[in-house]
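Visitor: Just one file: model.cif, with mmCIF, C-alpha atoms.
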data_data
loop_
_atom_site.label_atom_id
_atom_site.label_comp_id
_atom_site.auth_asym_id
_atom_site.auth_seq_id
_atom_site.Cartn_x
_atom_site.Cartn_y
_atom_site.Cartn_z
CA MET D 19 103.55 64.49 77.04
CA ASN D 20 100.73 66.43 78.65
CA GLN D 21 101.57 68.80 81.44
CA ILE D 22 99.00 69.63 84.05
CA THR D 23 99.27 73.11 85.47
CA PHE D 24 97.84 73.71 88.92
CA ILE D 25 96.12 77.06 89.21
CA GLN D 26 95.30 78.11 92.76
CA ASP D 27 91.72 79.09 93.20
CA THR D 28 90.69 82.43 94.59
CA ILE D 29 89.60 81.04 97.97
CA GLU D 30 93.05 79.56 98.60
CA LEU D 31 94.70 82.82 97.54
CA ILE D 32 92.42 84.77 99.91
CA LYS D 33 93.44 82.48 102.77
CA GLN D 34 97.12 82.96 101.91
CA PHE D 35 96.62 86.73 101.61
CA THR D 36 94.90 86.79 105.01
CA LEU D 37 97.63 84.73 106.67
CA ALA D 38 100.39 86.89 105.17
CA SER D 39 98.52 90.01 106.32
CA LYS D 40 98.12 88.63 109.87
CA ASN D 41 101.83 87.79 109.96
CA SER D 42 102.89 91.12 108.39
CA ASP D 43 104.70 89.05 105.74
CA ILE D 44 105.22 91.51 102.89
CA PHE D 45 107.34 88.99 100.93
CA ALA D 46 104.54 86.42 100.92
CA LEU D 47 102.12 89.14 99.81
CA GLU D 48 104.46 90.17 97.03
CA ASN D 49 104.52 86.59 95.73
CA LEU D 50 100.70 86.40 95.72
CA LEU D 51 100.18 89.51 93.57
CA GLU D 52 100.35 89.62 89.77
CA GLU D 53 102.99 92.02 88.44
CA LYS D 54 100.59 93.96 86.20
CA GLY D 55 97.60 93.78 88.51
CA ILE D 56 95.41 96.67 89.61
CA PHE D 57 95.08 97.31 93.32
CA GLU D 58 93.05 99.92 95.17
CA ILE D 59 94.63 102.02 97.92
CA GLU D 60 93.96 105.29 99.72
CA ASP D 61 95.97 108.29 98.60
CA ASP D 62 97.21 111.10 100.87
CA ASN D 63 93.75 112.71 100.68
CA LEU D 64 92.14 109.41 101.81
CA GLU D 65 90.55 108.96 98.38
CA ILE D 66 90.40 105.47 96.87
CA ILE D 67 92.61 105.19 93.78
CA GLU D 68 94.00 102.38 91.61
CA ALA D 69 97.67 101.59 92.05
CA SER D 70 100.41 99.30 90.76
CA LYS D 71 101.66 96.28 92.64
CA ILE D 72 104.66 98.22 93.98
CA ASP D 73 102.54 101.13 95.21
CA PHE D 74 100.00 98.78 96.76
CA LEU D 75 102.72 96.87 98.62
CA LYS D 76 104.25 100.11 99.95
CA TRP D 77 100.86 101.35 101.15
CA TYR D 78 99.74 97.98 102.56
CA HIS D 79 103.07 97.36 104.27
CA THR D 80 102.68 100.57 106.31
CA LYS D 81 99.21 99.35 107.30
CA ILE D 82 100.13 95.80 108.34
CA LYS D 83 103.20 96.80 110.32
CA THR D 84 101.19 99.25 112.46
CA THR D 85 97.94 97.28 112.92
CA LYS D 86 97.47 93.78 114.30
CA ILE D 87 94.75 91.82 112.52
CA ASN D 88 92.56 90.16 115.14
CA ASP D 89 89.36 89.46 113.25
CA VAL D 90 88.70 87.89 109.83
CA ILE D 91 85.29 87.46 108.19
CA TYR D 92 84.82 85.80 104.80
CA ASP D 93 81.81 87.04 102.85
CA GLN D 94 80.60 87.72 99.32
CA CYS D 95 79.90 90.92 97.40
CA ILE D 96 76.29 91.82 96.62
CA GLY D 97 77.20 95.04 94.80
CA CYS D 98 79.22 95.72 91.68
CA SER D 99 81.04 92.35 91.75
CA PHE D 100 78.10 90.21 92.77
CA GLY D 101 79.17 86.84 94.20
CA LYS D 102 82.90 87.61 94.39
CA ASN D 103 84.67 86.54 97.57
CA ILE D 104 85.40 89.26 100.11
CA VAL D 105 87.66 89.28 103.16
CA ILE D 106 86.74 91.67 105.97
CA LEU D 107 89.60 92.39 108.40
CA ASN D 108 89.26 93.82 111.92
CA LEU D 109 85.49 94.26 111.71
CA GLY D 110 85.97 96.03 108.37
CA THR D 111 88.19 98.82 109.74
CA PHE D 112 91.40 97.51 108.18
CA PRO D 113 92.99 98.64 105.95
CA ARG D 114 90.46 101.49 105.59
CA MET D 115 88.55 103.27 108.35
CA PRO D 116 85.35 105.21 107.60
CA GLN D 117 86.30 108.79 106.76
CA GLU D 118 83.05 110.56 107.48
CA PHE D 119 79.77 110.07 109.27
CA THR D 120 77.93 108.98 106.12
CA ASP D 121 80.50 106.31 105.16
CA LYS D 122 79.76 102.64 105.66
CA THR D 123 81.15 101.19 108.90
CA LYS D 124 82.99 98.37 107.15
CA ALA D 125 85.25 98.02 104.14
CA GLY D 126 86.16 94.61 102.79
CA LEU D 127 88.71 93.59 100.20
CA MET D 128 87.55 91.85 97.05
CA LEU D 129 90.44 89.80 95.72
CA ASP D 130 90.21 88.53 92.16
CA SER D 131 92.65 86.01 90.74
CA HIS D 132 93.92 84.89 87.37
CA ASN D 133 96.46 82.15 86.62
CA GLY D 134 97.20 81.54 90.31
CA LYS D 135 97.90 85.16 91.25
CA ILE D 136 95.79 87.96 92.69
CA HIS D 137 95.39 90.40 89.82
CA ARG D 138 92.87 92.80 91.36
CA ILE D 139 92.14 94.05 94.86
CA GLN D 140 89.35 96.53 95.38
CA PHE D 141 87.40 97.84 98.34
CA CYS D 142 83.90 96.46 98.79
CA PHE D 143 81.12 97.87 100.97
CA SER D 144 78.13 95.62 100.11
CA PHE D 145 78.18 92.21 101.76
CA LEU D 146 75.89 89.20 101.65
CA LYS D 147 76.07 88.13 105.32
CA THR D 148 77.66 91.10 107.11
CA ASP D 149 75.57 94.12 108.06
CA ASN D 150 77.16 97.37 106.86
CA LYS D 151 75.26 100.49 107.82
CA ALA D 152 76.45 104.07 107.63
CA VAL D 153 78.31 105.32 110.70
CA CYS D 154 75.50 107.80 111.43
CA ASP D 155 72.91 104.97 111.44
CA CYS D 156 74.94 102.93 113.93
CA VAL D 157 75.63 105.81 116.27
CA GLY D 158 72.02 106.96 115.95
CA GLU D 159 70.83 103.54 117.11
CA GLU D 160 72.99 103.92 120.21
CA TYR D 161 71.53 107.37 120.91
CA VAL D 162 67.96 106.08 120.47
CA LYS D 163 68.67 103.22 122.88
CA TYR D 164 69.52 105.76 125.62
CA ILE D 165 66.60 108.05 124.71
CA LYS D 166 64.17 105.12 124.99
CA GLN D 167 65.54 104.59 128.49
CA GLY D 168 64.35 108.09 129.36
CA PHE D 169 67.49 110.16 128.83
CA SER D 170 67.50 113.45 126.94
CA LYS D 171 69.20 113.80 123.55
CA GLU D 172 72.11 115.64 125.18
CA GLU D 173 72.45 112.98 127.90
CA ALA D 174 72.33 110.22 125.28
CA ILE D 175 75.15 111.83 123.31
CA ALA D 176 77.23 112.33 126.47
CA MET D 177 76.65 108.72 127.52
CA TYR D 178 77.66 107.42 124.10
CA ASP D 179 80.80 109.58 124.11
CA ALA D 180 81.72 108.40 127.62
CA ASN D 181 81.18 104.70 126.93
CA PRO D 182 84.39 103.05 125.66
CA ASN D 183 82.52 99.75 125.36
CA SER D 184 79.94 101.06 122.94
CA GLU D 185 79.32 98.67 120.07
CA TYR D 186 80.48 101.27 117.53
CA SER D 187 83.12 103.17 119.51
CA TYR D 188 85.86 101.65 117.33
CA ILE D 189 84.67 103.71 114.33
CA THR D 190 83.81 107.02 115.95
CA LYS D 191 86.02 109.85 117.10
CA LYS D 192 85.26 112.06 120.05
CA ILE D 193 85.85 115.67 119.07
CA GLU D 194 87.75 117.54 121.76
CA GLU D 195 86.54 121.00 122.80
CA ASP D 196 89.57 122.76 121.26
CA GLU D 197 88.89 121.02 117.92
CA ILE D 198 85.34 122.40 117.67
CA ASP D 199 86.66 125.88 116.86
CA ASN D 200 88.53 124.48 113.85
CA ILE D 201 85.54 122.78 112.22
CA PRO D 202 84.93 124.54 108.86
CA PHE D 203 81.16 125.05 109.21
#
Just give me the structure of the file as structure tokens.

Guide:
Amino acid sequence: MNQITFIQDTIELIKQFTLASKNSDIFALENLLEEKGIFEIEDDNLEIIEASKIDFLKWYHTKIKTTKINDVIYDQCIGCSFGKNIVILNLGTFPRMPQEFTDKTKAGLMLDSHNGKIHRIQFCFSFLKTDNKAVCDCVGEEYVKYIKQGFSKEEAIAMYDANPNSEYSYITKKIEEDEIDNIPF
């Protein structure tokens, strides 16, 4: 007697992963991941490293219980895993925010599956349909917009800093005066 085994495709697994992430359902996530898979996380130094399923779930659980996922974009990689499906959560700021001014504004998650389980999750920064500039490019565009309106460079920076509705305010940090003395340069 022939048995037919149903293997979930990657797109269905991505949808399940997204739903479980939105619902902060760590048990559903645990069931989606392969035991011996390789999953990227950020370490304590905010460096991207490969981790086990257990370490990924610990790290990801702290992320999903403190951040509500409001925005989901499905895209494809045009970099090292060309054509692979990517999910971009919260405009690409979840679960990883840009760490410096030269970083890309968005990070997506490339989920790869095998035998009905997600066996690899890695960060992706090169998308087919979603623009992903460096933070400095995005903020620079905002400054230029004000300068073209006749404001000085200093006024443009002050206006950007004071505008909570700026298109890129979600990825930038205003440095307080007392922090300037602690900058190591």

Visitor: For the PyMOL selection byres ((chain D and resi 38) around 12), applied here, can you spell out every residue it catches as a count of residues only?

Guide: 26

Visitor: Tell me which of D:Ile29, D:Met177, D:Val153, D:Ala69 sits closest to Glu118 in chain D, counting only C-alpha atoms.

Guide: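 For Glu118 in chain D, the nearest of the given residues is D:Val153.
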
Visitor: Produce a table with one row for each residue of range 56-96 of chain D that has an atom at most 12 Å from any atom of range 104-108 of chain D, each row naming the nearest atom pair and its distance in Å at one decimal; use only C-alpha atoms; arrange rows by chain and rising residue number; format as a Markdown table.

Guide:
| residue | atom | partner | partner_atom | distance |
| --- | --- | --- | --- | --- |
| D:Lys81 | CA | D:Leu107 | CA | 11.9 |
| D:Ile82 | CA | D:Leu107 | CA | 11.1 |
| D:Thr85 | CA | D:Asn108 | CA | 9.4 |
| D:Lys86 | CA | D:Asn108 | CA | 8.5 |
| D:Ile87 | CA | D:Asn108 | CA | 5.9 |
| D:Asn88 | CA | D:Asn108 | CA | 5.9 |
| D:Asp89 | CA | D:Asn108 | CA | 4.6 |
| D:Val90 | CA | D:Leu107 | CA | 4.8 |
| D:Ile91 | CA | D:Ile106 | CA | 5.0 |
| D:Tyr92 | CA | D:Val105 | CA | 4.8 |
| D:Asp93 | CA | D:Ile104 | CA | 5.0 |
| D:Gln94 | CA | D:Ile104 | CA | 5.1 |
| D:Cys95 | CA | D:Ile104 | CA | 6.4 |
| D:Ile96 | CA | D:Ile104 | CA | 10.1 |

Visitor: Find the residues around Thr111 in chain D up to 9 Å (all atoms listed in the file counted), leave out those fewer than 3 positions away in its own chain, and share them as a PyMOL selection string.

Guide: chain D and resi 106-108+114-116+123-126+188-189

Visitor: Could you check the closest approach to Lys151 in chain D for each of D:Asp121, D:Asp61, D:Asp27, D:Asp179 and tell me which residue wins, using only C-alpha atoms?

Guide: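 Using only C-alpha atoms, Lys151 in chain D sits closest to D:Asp121.
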
Visitor: Report, in Å with one decimal, the straight-line distance from CA of Ala176 in chain D to CA of Lys122 in chain D.

Guide: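 Here the two named atoms are 23.1 Å from each other.
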
Visitor: Could you state the separation of CA of Phe57 in chain D and CA of Lys76 in chain D in Å, given to one decimal place?

Guide: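 We find that CA of Phe57 in chain D and CA of Lys76 in chain D lie 11.7 Å from each other.
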
Visitor: Of the candidates D:Pro113, D:Gly134, D:Gly168, D:Gly101, which one gets nearest to Ile66 in chain D if we count only C-alpha atoms?

Guide: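 The answer is D:Pro113, which sits nearest to Ile66 in chain D.
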
Visitor: Rounded to one decimal in Å, what is the spacing between CA of Gly110 in chain D and CA of Tyr161 in chain D?

Guide: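 Distance reported for this atom pair: 22.2 Å.
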
Visitor: What's around Glu160 in chain D at 10 Å? Count all atoms listed in the file, leave out sequence neighbours fewer than 3 positions away in its own chain, and write the answer as a list of chain:residue names.

Guide: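 Listing them by chain and then by number gives D:Cys154, D:Asp155, D:Cys156, D:Val157, D:Lys163, D:Tyr164, D:Ile165, D:Ala174, D:Ile175, D:Met177, D:Tyr178, D:Ser184, D:Glu185, D:Tyr186.
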
Visitor: Write a file of the selected residues as a short mmCIF file (atom, residue, chain, number, x, y, z; two decimals), in the frame of the given file, keeping C-alpha atoms.

Guide:
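Output below, filename again.cif:
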data_model
loop_
_atom_site.label_atom_id
_atom_site.label_comp_id
_atom_site.auth_asym_id
_atom_site.auth_seq_id
_atom_site.Cartn_x
_atom_site.Cartn_y
_atom_site.Cartn_z
CA CYS D 154 75.50 107.80 111.43
CA ASP D 155 72.91 104.97 111.44
CA CYS D 156 74.94 102.93 113.93
CA VAL D 157 75.63 105.81 116.27
CA LYS D 163 68.67 103.22 122.88
CA TYR D 164 69.52 105.76 125.62
CA ILE D 165 66.60 108.05 124.71
CA ALA D 174 72.33 110.22 125.28
CA ILE D 175 75.15 111.83 123.31
CA MET D 177 76.65 108.72 127.52
CA TYR D 178 77.66 107.42 124.10
CA SER D 184 79.94 101.06 122.94
CA GLU D 185 79.32 98.67 120.07
CA TYR D 186 80.48 101.27 117.53
#

Visitor: Quick one: range 31-170 of chain D from the block, C-alpha atoms, as an mmCIF file, in the first residue's frame.

Guide:
data_model
loop_
_atom_site.group_PDB
_atom_site.id
_atom_site.type_symbol
_atom_site.label_atom_id
_atom_site.label_comp_id
_atom_site.auth_asym_id
_atom_site.auth_seq_id
_atom_site.Cartn_x
_atom_site.Cartn_y
_atom_site.Cartn_z
ATOM 1 C CA LEU D 31 5.164 27.594 6.825
ATOM 2 C CA ILE D 32 5.978 31.303 6.478
ATOM 3 C CA LYS D 33 2.297 32.155 6.958
ATOM 4 C CA GLN D 34 2.134 29.922 10.040
ATOM 5 C CA PHE D 35 5.375 31.423 11.380
ATOM 6 C CA THR D 36 3.988 34.938 10.853
ATOM 7 C CA LEU D 37 0.690 34.121 12.555
ATOM 8 C CA ALA D 38 2.446 32.494 15.519
ATOM 9 C CA SER D 39 4.743 35.527 15.774
ATOM 10 C CA LYS D 40 1.784 37.949 15.694
ATOM 11 C CA ASN D 41 0.039 35.924 18.403
ATOM 12 C CA SER D 42 3.229 35.516 20.499
ATOM 13 C CA ASP D 43 2.606 31.756 20.320
ATOM 14 C CA ILE D 44 5.973 30.252 21.213
ATOM 15 C CA PHE D 45 4.539 26.702 21.248
ATOM 16 C CA ALA D 46 3.320 26.999 17.653
ATOM 17 C CA LEU D 47 6.732 28.367 16.671
ATOM 18 C CA GLU D 48 8.456 25.481 18.413
ATOM 19 C CA ASN D 49 6.386 23.004 16.377
ATOM 20 C CA LEU D 50 7.303 24.735 13.099
ATOM 21 C CA LEU D 51 11.077 24.535 13.620
ATOM 22 C CA GLU D 52 13.255 21.520 12.837
ATOM 23 C CA GLU D 53 15.141 20.182 15.859
ATOM 24 C CA LYS D 54 18.579 20.337 14.225
ATOM 25 C CA GLY D 55 17.968 23.492 12.236
ATOM 26 C CA ILE D 56 20.209 26.554 12.094
ATOM 27 C CA PHE D 57 18.705 29.869 13.085
ATOM 28 C CA GLU D 58 20.257 33.329 13.145
ATOM 29 C CA ILE D 59 19.905 35.572 16.196
ATOM 30 C CA GLU D 60 21.618 38.607 17.686
ATOM 31 C CA ASP D 61 24.022 37.963 20.533
ATOM 32 C CA ASP D 62 24.579 40.280 23.520
ATOM 33 C CA ASN D 63 26.911 42.417 21.368
ATOM 34 C CA LEU D 64 24.152 42.756 18.709
ATOM 35 C CA GLU D 65 26.176 40.635 16.279
ATOM 36 C CA ILE D 66 24.358 38.133 14.067
ATOM 37 C CA ILE D 67 25.262 34.552 14.982
ATOM 38 C CA GLU D 68 23.912 31.069 14.209
ATOM 39 C CA ALA D 69 22.027 29.354 17.008
ATOM 40 C CA SER D 70 20.219 26.126 17.846
ATOM 41 C CA LYS D 71 16.458 25.807 17.904
ATOM 42 C CA ILE D 72 16.378 26.200 21.696
ATOM 43 C CA ASP D 73 18.542 29.332 21.662
ATOM 44 C CA PHE D 74 16.536 30.823 18.800
ATOM 45 C CA LEU D 75 13.249 30.230 20.626
ATOM 46 C CA LYS D 76 14.596 31.837 23.825
ATOM 47 C CA TRP D 77 15.825 34.880 21.907
ATOM 48 C CA TYR D 78 12.725 35.172 19.696
ATOM 49 C CA HIS D 79 10.350 34.688 22.621
ATOM 50 C CA THR D 80 11.807 37.749 24.374
ATOM 51 C CA LYS D 81 11.267 39.690 21.140
ATOM 52 C CA ILE D 82 7.655 38.655 20.458
ATOM 53 C CA LYS D 83 6.471 39.151 24.019
ATOM 54 C CA THR D 84 7.726 42.763 24.079
ATOM 55 C CA THR D 85 6.841 43.882 20.532
ATOM 56 C CA LYS D 86 3.472 43.796 18.794
ATOM 57 C CA ILE D 87 3.702 42.902 15.114
ATOM 58 C CA ASN D 88 1.549 45.338 13.160
ATOM 59 C CA ASP D 89 2.956 45.100 9.658
ATOM 60 C CA VAL D 90 3.852 42.104 7.455
ATOM 61 C CA ILE D 91 5.392 42.262 3.977
ATOM 62 C CA TYR D 92 6.142 39.166 1.897
ATOM 63 C CA ASP D 93 9.039 39.566 -0.513
ATOM 64 C CA GLN D 94 11.898 37.636 -2.107
ATOM 65 C CA CYS D 95 15.661 37.734 -1.634
ATOM 66 C CA ILE D 96 17.803 39.195 -4.409
ATOM 67 C CA GLY D 97 21.077 38.626 -2.561
ATOM 68 C CA CYS D 98 22.808 35.487 -1.352
ATOM 69 C CA SER D 99 19.638 33.331 -1.449
ATOM 70 C CA PHE D 100 18.214 34.680 -4.677
ATOM 71 C CA GLY D 101 14.493 33.951 -5.049
ATOM 72 C CA LYS D 102 13.942 32.632 -1.518
ATOM 73 C CA ASN D 103 10.825 33.863 0.258
ATOM 74 C CA ILE D 104 11.306 36.590 2.855
ATOM 75 C CA VAL D 105 8.976 37.915 5.535
ATOM 76 C CA ILE D 106 9.507 41.514 6.661
ATOM 77 C CA LEU D 107 7.906 42.343 10.017
ATOM 78 C CA ASN D 108 7.122 45.839 11.347
ATOM 79 C CA LEU D 109 8.638 47.640 8.360
ATOM 80 C CA GLY D 110 11.760 45.503 8.752
ATOM 81 C CA THR D 111 12.542 46.629 12.318
ATOM 82 C CA PHE D 112 11.510 43.354 13.956
ATOM 83 C CA PRO D 113 13.205 41.311 15.260
ATOM 84 C CA ARG D 114 16.325 43.359 14.439
ATOM 85 C CA MET D 115 16.686 47.141 14.423
ATOM 86 C CA PRO D 116 19.509 48.844 12.501
ATOM 87 C CA GLN D 117 22.506 49.163 14.819
ATOM 88 C CA GLU D 118 24.378 51.980 13.151
ATOM 89 C CA PHE D 119 23.895 54.746 10.632
ATOM 90 C CA THR D 120 25.343 52.713 7.751
ATOM 91 C CA ASP D 121 23.081 49.674 8.356
ATOM 92 C CA LYS D 122 20.155 48.957 6.077
ATOM 93 C CA THR D 123 16.815 50.254 7.374
ATOM 94 C CA LYS D 124 15.097 46.893 7.090
ATOM 95 C CA ALA D 125 15.897 43.312 8.029
ATOM 96 C CA GLY D 126 13.747 40.461 6.780
ATOM 97 C CA LEU D 127 13.707 36.819 7.745
ATOM 98 C CA MET D 128 14.451 34.200 5.109
ATOM 99 C CA LEU D 129 12.801 30.961 6.188
ATOM 100 C CA ASP D 130 13.886 27.772 4.456
ATOM 101 C CA SER D 131 12.042 24.499 4.900
ATOM 102 C CA HIS D 132 12.727 20.804 4.547
ATOM 103 C CA ASN D 133 10.308 17.918 5.142
ATOM 104 C CA GLY D 134 7.546 20.217 6.416
ATOM 105 C CA LYS D 135 9.640 22.066 9.003
ATOM 106 C CA ILE D 136 11.586 25.313 8.974
ATOM 107 C CA HIS D 137 15.222 24.223 9.086
ATOM 108 C CA ARG D 138 16.917 27.584 8.543
ATOM 109 C CA ILE D 139 16.121 31.177 9.444
ATOM 110 C CA GLN D 140 18.533 33.903 8.460
ATOM 111 C CA PHE D 141 18.425 37.668 8.228
ATOM 112 C CA CYS D 142 18.072 39.139 4.763
ATOM 113 C CA PHE D 143 18.715 42.732 3.688
ATOM 114 C CA SER D 144 18.284 42.579 -0.126
ATOM 115 C CA PHE D 145 14.684 42.485 -1.315
ATOM 116 C CA LEU D 146 13.046 42.294 -4.720
ATOM 117 C CA LYS D 147 10.096 44.661 -4.142
ATOM 118 C CA THR D 148 10.946 46.491 -0.909
ATOM 119 C CA ASP D 149 13.343 49.434 -0.938
ATOM 120 C CA ASN D 150 16.098 49.032 1.663
ATOM 121 C CA LYS D 151 18.519 51.937 1.840
ATOM 122 C CA ALA D 152 21.080 52.643 4.520
ATOM 123 C CA VAL D 153 19.807 54.668 7.479
ATOM 124 C CA CYS D 154 22.101 57.563 6.522
ATOM 125 C CA ASP D 155 20.614 57.675 2.991
ATOM 126 C CA CYS D 156 17.064 57.850 4.334
ATOM 127 C CA VAL D 157 17.795 60.507 6.921
ATOM 128 C CA GLY D 158 19.876 62.427 4.377
ATOM 129 C CA GLU D 159 16.885 62.538 2.024
ATOM 130 C CA GLU D 160 14.833 64.099 4.810
ATOM 131 C CA TYR D 161 17.531 66.717 5.450
ATOM 132 C CA VAL D 162 17.770 67.549 1.730
ATOM 133 C CA LYS D 163 13.991 67.962 1.558
ATOM 134 C CA TYR D 164 14.185 70.723 4.209
ATOM 135 C CA ILE D 165 17.284 72.310 2.654
ATOM 136 C CA LYS D 166 15.533 72.514 -0.730
ATOM 137 C CA GLN D 167 12.762 74.402 1.059
ATOM 138 C CA GLY D 168 15.329 77.044 1.998
ATOM 139 C CA PHE D 169 16.361 75.955 5.488
ATOM 140 C CA SER D 170 19.979 75.785 6.602
#
